[in-house]
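First the structure, in the form of structure tokens, and then the observations on it.
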Amino acid sequence: MMRSLWAAASGMKSQQTSVDTIANNLANVNTTAYKAQSTQFKTLLYQTLQATSTNAEGEAKPTSAQVGLGTRVASINSNFTQGAQLANDSNTAMCITGEGFFAVQDGDETHYTRNGNFTWAIDNTGAKVLTTAEGYKVLDQAGNAITLPATAGENGFTVNPDDGAISYRNADGTYTATGQSIALYQFTNRVGLSKIGENLYDETVASGEPVSEWNTNGVIRSSILQNYLEGSNVNVADEMVNLIISQRAYEMNSKAITTSDTMLEQANNLKR
């Protein structure tokens, strides 16, 4: 069987993955804090047709003859550049400027997110608990859920942009500190985080352990902007160009298969 058939088929499969990734980016163009992804490729094994040999004069040839056997997807990387800061009327809307992540609690598990579209929920004691839209509790620097007394927060609350400290406003206009601060974490390799859906990430061996911003030397701290949300960093124009490139590459690989098939047909017809 001709090598070109398998090489072109591998190219079609890889370009299909690229189109799938681009489609996912475009689908999430308005998803809060979504990070665009890009597909990276690598070559498959090479078949050596001729090792280094000599020419007619007995001189050594400087190169050998090797034919590539196609391509495959090496990785799908996320681009963690800062998204646009979008104004929001909700006091529980929070935007991270910097490299930090919120920590949220899902049962016994802790996940991380850049999505600051939070809300207040009521627990079984009547206290107000800061949660995500899915109901995951937002954690403070001590690893506890962020709460307000049942009667607090009716006149508003504030989040210190520098250290995440939370205070609620009293009826007389004064503020009372809750003693809790929103926790922000960073990772040595953010691209290595595992995506689990719902704008959540899990740490992996590749990402490294979470590094707390508030008590780690040398870490550039992030800021929290209240009444803002981080927009998606998907660039629609770039994605459309990449979509066209992937589509054309898919078509060319398909043409290579058609050409190989025609050549095989011609070879089979030689006996007639």
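Within each chain, counting starts at residue 1; across the structure tokens, chains are named A, B, ... in the order shown, with ligands numbered 1 upward in that order.
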Neighbour list for region 241-253 of chain A as a list in words, cut-off 9 Å, only C-alpha atoms, skip fewer than 2 positions in-chain: Ala7, Ala8, Ala9, Ser10, Gly11, Met12, Lys13, Ser14, Gln15, Gln16, Ser18, Val19, Ile22, Ala23, Val236, Ala237, Asp238, Glu239, Lys255, Ala256, Ile257 and Thr258 of chain A
Proximity check region 17-77 of chain A to region 190-200 of chain A, 10 Å, nearest pairs one decimal Å, only C-alpha atoms, as a Markdown table:
```
| residue | atom | partner | partner_atom | distance |
| --- | --- | --- | --- | --- |
| A:Thr31 | CA | A:Asn199 | CA | 8.6 |
| A:Thr32 | CA | A:Asn199 | CA | 8.1 |
| A:Ala33 | CA | A:Asn199 | CA | 7.6 |
| A:Tyr34 | CA | A:Asn199 | CA | 6.9 |
| A:Lys35 | CA | A:Asn199 | CA | 9.2 |
| A:Gln37 | CA | A:Val191 | CA | 9.9 |
| A:Ile76 | CA | A:Val191 | CA | 9.2 |
| A:Asn77 | CA | A:Val191 | CA | 6.2 |
```
Can I get the selected residues back with all heavy atoms, as a PDB file, in the first residue's frame?
```pdb
ATOM      1  N   THR A  31     -18.311  33.022  26.558  1.00  0.00           N
ATOM      2  CA  THR A  31     -18.240  32.340  27.854  1.00  0.00           C
ATOM      3  C   THR A  31     -17.300  33.100  28.788  1.00  0.00           C
ATOM      4  O   THR A  31     -16.168  33.413  28.408  1.00  0.00           O
ATOM      5  CB  THR A  31     -17.739  30.901  27.680  1.00  0.00           C
ATOM      6  OG1 THR A  31     -18.659  30.192  26.841  1.00  0.00           O
ATOM      7  CG2 THR A  31     -17.632  30.190  29.023  1.00  0.00           C
ATOM      8  N   THR A  32     -17.765  33.390  29.988  1.00  0.00           N
ATOM      9  CA  THR A  32     -16.973  34.162  30.945  1.00  0.00           C
ATOM     10  C   THR A  32     -15.657  33.469  31.241  1.00  0.00           C
ATOM     11  O   THR A  32     -15.615  32.282  31.581  1.00  0.00           O
ATOM     12  CB  THR A  32     -17.748  34.346  32.254  1.00  0.00           C
ATOM     13  OG1 THR A  32     -18.992  35.000  31.972  1.00  0.00           O
ATOM     14  CG2 THR A  32     -16.954  35.181  33.251  1.00  0.00           C
ATOM     15  N   ALA A  33     -14.552  34.205  31.077  1.00  0.00           N
ATOM     16  CA  ALA A  33     -13.192  33.774  31.431  1.00  0.00           C
ATOM     17  C   ALA A  33     -12.716  32.566  30.628  1.00  0.00           C
ATOM     18  O   ALA A  33     -11.767  31.896  31.038  1.00  0.00           O
ATOM     19  CB  ALA A  33     -13.085  33.485  32.924  1.00  0.00           C
ATOM     20  N   TYR A  34     -13.363  32.283  29.483  1.00  0.00           N
ATOM     21  CA  TYR A  34     -12.897  31.165  28.663  1.00  0.00           C
ATOM     22  C   TYR A  34     -11.550  31.491  28.044  1.00  0.00           C
ATOM     23  O   TYR A  34     -11.296  32.623  27.637  1.00  0.00           O
ATOM     24  CB  TYR A  34     -13.912  30.857  27.565  1.00  0.00           C
ATOM     25  CG  TYR A  34     -13.453  29.785  26.605  1.00  0.00           C
ATOM     26  CD1 TYR A  34     -13.547  28.437  26.946  1.00  0.00           C
ATOM     27  CD2 TYR A  34     -12.902  30.114  25.373  1.00  0.00           C
ATOM     28  CE1 TYR A  34     -13.118  27.452  26.075  1.00  0.00           C
ATOM     29  CE2 TYR A  34     -12.475  29.137  24.495  1.00  0.00           C
ATOM     30  CZ  TYR A  34     -12.581  27.801  24.856  1.00  0.00           C
ATOM     31  OH  TYR A  34     -12.139  26.833  23.994  1.00  0.00           O
ATOM     32  N   LYS A  35     -10.682  30.491  27.976  1.00  0.00           N
ATOM     33  CA  LYS A  35      -9.352  30.650  27.394  1.00  0.00           C
ATOM     34  C   LYS A  35      -9.268  29.863  26.095  1.00  0.00           C
ATOM     35  O   LYS A  35      -9.527  28.658  26.062  1.00  0.00           O
ATOM     36  CB  LYS A  35      -8.266  30.162  28.372  1.00  0.00           C
ATOM     37  CG  LYS A  35      -8.280  30.911  29.700  1.00  0.00           C
ATOM     38  CD  LYS A  35      -8.144  32.407  29.515  1.00  0.00           C
ATOM     39  CE  LYS A  35      -8.199  33.164  30.828  1.00  0.00           C
ATOM     40  NZ  LYS A  35      -8.175  34.626  30.656  1.00  0.00           N
ATOM     41  N   GLN A  37      -8.049  27.812  22.857  1.00  0.00           N
ATOM     42  CA  GLN A  37      -7.147  26.691  22.720  1.00  0.00           C
ATOM     43  C   GLN A  37      -6.610  26.614  21.294  1.00  0.00           C
ATOM     44  O   GLN A  37      -7.253  27.074  20.351  1.00  0.00           O
ATOM     45  CB  GLN A  37      -7.859  25.373  23.070  1.00  0.00           C
ATOM     46  CG  GLN A  37      -8.326  25.281  24.510  1.00  0.00           C
ATOM     47  CD  GLN A  37      -9.068  23.984  24.770  1.00  0.00           C
ATOM     48  OE1 GLN A  37     -10.225  23.847  24.429  1.00  0.00           O
ATOM     49  NE2 GLN A  37      -8.377  23.037  25.364  1.00  0.00           N
ATOM     50  N   ILE A  76      -3.086  20.062  22.810  1.00  0.00           N
ATOM     51  CA  ILE A  76      -4.033  21.168  22.619  1.00  0.00           C
ATOM     52  C   ILE A  76      -3.819  22.117  23.783  1.00  0.00           C
ATOM     53  O   ILE A  76      -4.183  21.810  24.922  1.00  0.00           O
ATOM     54  CB  ILE A  76      -5.483  20.669  22.560  1.00  0.00           C
ATOM     55  CG1 ILE A  76      -5.665  19.694  21.399  1.00  0.00           C
ATOM     56  CG2 ILE A  76      -6.441  21.844  22.409  1.00  0.00           C
ATOM     57  CD1 ILE A  76      -7.063  19.099  21.297  1.00  0.00           C
ATOM     58  N   ASN A  77      -3.195  23.251  23.505  1.00  0.00           N
ATOM     59  CA  ASN A  77      -2.776  24.179  24.550  1.00  0.00           C
ATOM     60  C   ASN A  77      -3.770  25.319  24.720  1.00  0.00           C
ATOM     61  O   ASN A  77      -4.387  25.773  23.752  1.00  0.00           O
ATOM     62  CB  ASN A  77      -1.395  24.758  24.227  1.00  0.00           C
ATOM     63  CG  ASN A  77      -0.313  23.683  24.182  1.00  0.00           C
ATOM     64  OD1 ASN A  77      -0.470  22.618  24.764  1.00  0.00           O
ATOM     65  ND2 ASN A  77       0.774  23.956  23.477  1.00  0.00           N
TER      66      ASN A  77
END
```
Select from region 183-227 of chain A every residue with an atom at most 8 Å from any atom of region 135-158 of chain A, then for each give the shortest pair of atoms and their distance in Å to one decimal, using only C-alpha atoms, rows by chain and rising number, as JSON lines.
```
{"residue": "A:Ala183", "atom": "CA", "partner": "A:Gln141", "partner_atom": "CA", "distance": 4.5}
{"residue": "A:Leu184", "atom": "CA", "partner": "A:Gln141", "partner_atom": "CA", "distance": 7.8}
{"residue": "A:Gln226", "atom": "CA", "partner": "A:Thr158", "partner_atom": "CA", "distance": 7.6}
```
Written selection (N, CA and C atoms) as a compact mmCIF listing (two decimals), in the first residue's frame:
```
# COMPACT_ATOMS: atom_id res chain seq x y z
N ALA A 183 -9.42 33.70 48.43
CA ALA A 183 -8.13 33.07 48.12
C ALA A 183 -7.87 33.08 46.62
N LEU A 184 -6.65 33.42 46.25
CA LEU A 184 -6.21 33.34 44.87
C LEU A 184 -4.95 32.48 44.81
N GLN A 226 -14.30 44.21 41.58
CA GLN A 226 -15.72 43.96 41.83
C GLN A 226 -16.57 44.66 40.79
```
Selection: 9 Å around Leu264 (chain A), only C-alpha atoms, excl. self and same-chain fewer than 4 positions, as an NGL selection string: :A and (1-2 or 259-260 or 268-269)
Contacts of region 80-90 of chain A at 8 Å (only C-alpha atoms; same-chain gap of 3+ positions) as a list in words: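 Residues near the query, excluding close chain neighbours: Ala33, Lys35, Ala36, Ala93, Cys95, Thr97, Gly98, Arg190, Val191, Asn227, Tyr228, Leu229, Glu230, Gly231, Ser232 and Asn233 of chain A.
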Picked from region 150-223 of chain A by DSSP as strand (DSSP E or B), as a PyMOL selection string: chain A and resi 157-159+165-169+175-182+184-186+194-197+200-202+211-212+223
Atom pair CA of Thr176 (chain A) / CA of Val159 (chain A): separation (Å):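 Interatomic distance, CA of Thr176 (chain A) to CA of Val159 (chain A): 11.8 Å.
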Residues within 7 Å of Thr132 (chain A), only C-alpha atoms, excluding chain neighbours under 5 positions, as an NGL selection string: :A and (117-119 or 137)
Name all residues at most 8 Å from Ser75 (chain A) (count only C-alpha atoms; drop same-chain ones fewer than 3 positions away) and give them as a compact mmCIF listing (two decimals) with N, CA and C atoms, in the first residue's frame.
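For reference, around11.txt as written:
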```
# COMPACT_ATOMS: atom_id res chain seq x y z
N THR A 39 -4.34 23.84 18.55
CA THR A 39 -3.86 22.48 18.33
C THR A 39 -2.41 22.50 17.85
N GLN A 40 -1.58 21.69 18.48
CA GLN A 40 -0.19 21.56 18.09
C GLN A 40 0.04 20.17 17.49
N PHE A 41 0.84 20.11 16.41
CA PHE A 41 1.08 18.86 15.70
C PHE A 41 2.54 18.43 15.83
```
Best match for closeness to Met94 (chain A) among A:Leu26, A:Leu225, A:Ile166, A:Ile122, counting only C-alpha atoms: A:Leu225
Given only C-alpha atoms as the counted atoms, nearest of A:Ser64, A:Glu265, A:Thr188, A:Val219 to Ser207 (chain A): A:Thr188
Gap from CA of Glu213 (chain A) to CA of Ala165 (chain A) - Å, one decimal: 13.5 Å
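The closest residue to Ile220 (chain A), picked from A:Gly100, A:Ser4, A:Ser38, A:Thr113 and counting only C-alpha atoms, is A:Gly100.
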Atomic separation - CA of Leu45 (chain A) relative to CA of Gly70 (chain A), Å: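 Those two atoms sit 7.8 Å apart.
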Residues flagged helix (DSSP H, G or I) by DSSP in region 15-261 of chain A, as a ChimeraX atom specification: /A:15-27,190-192,236-261
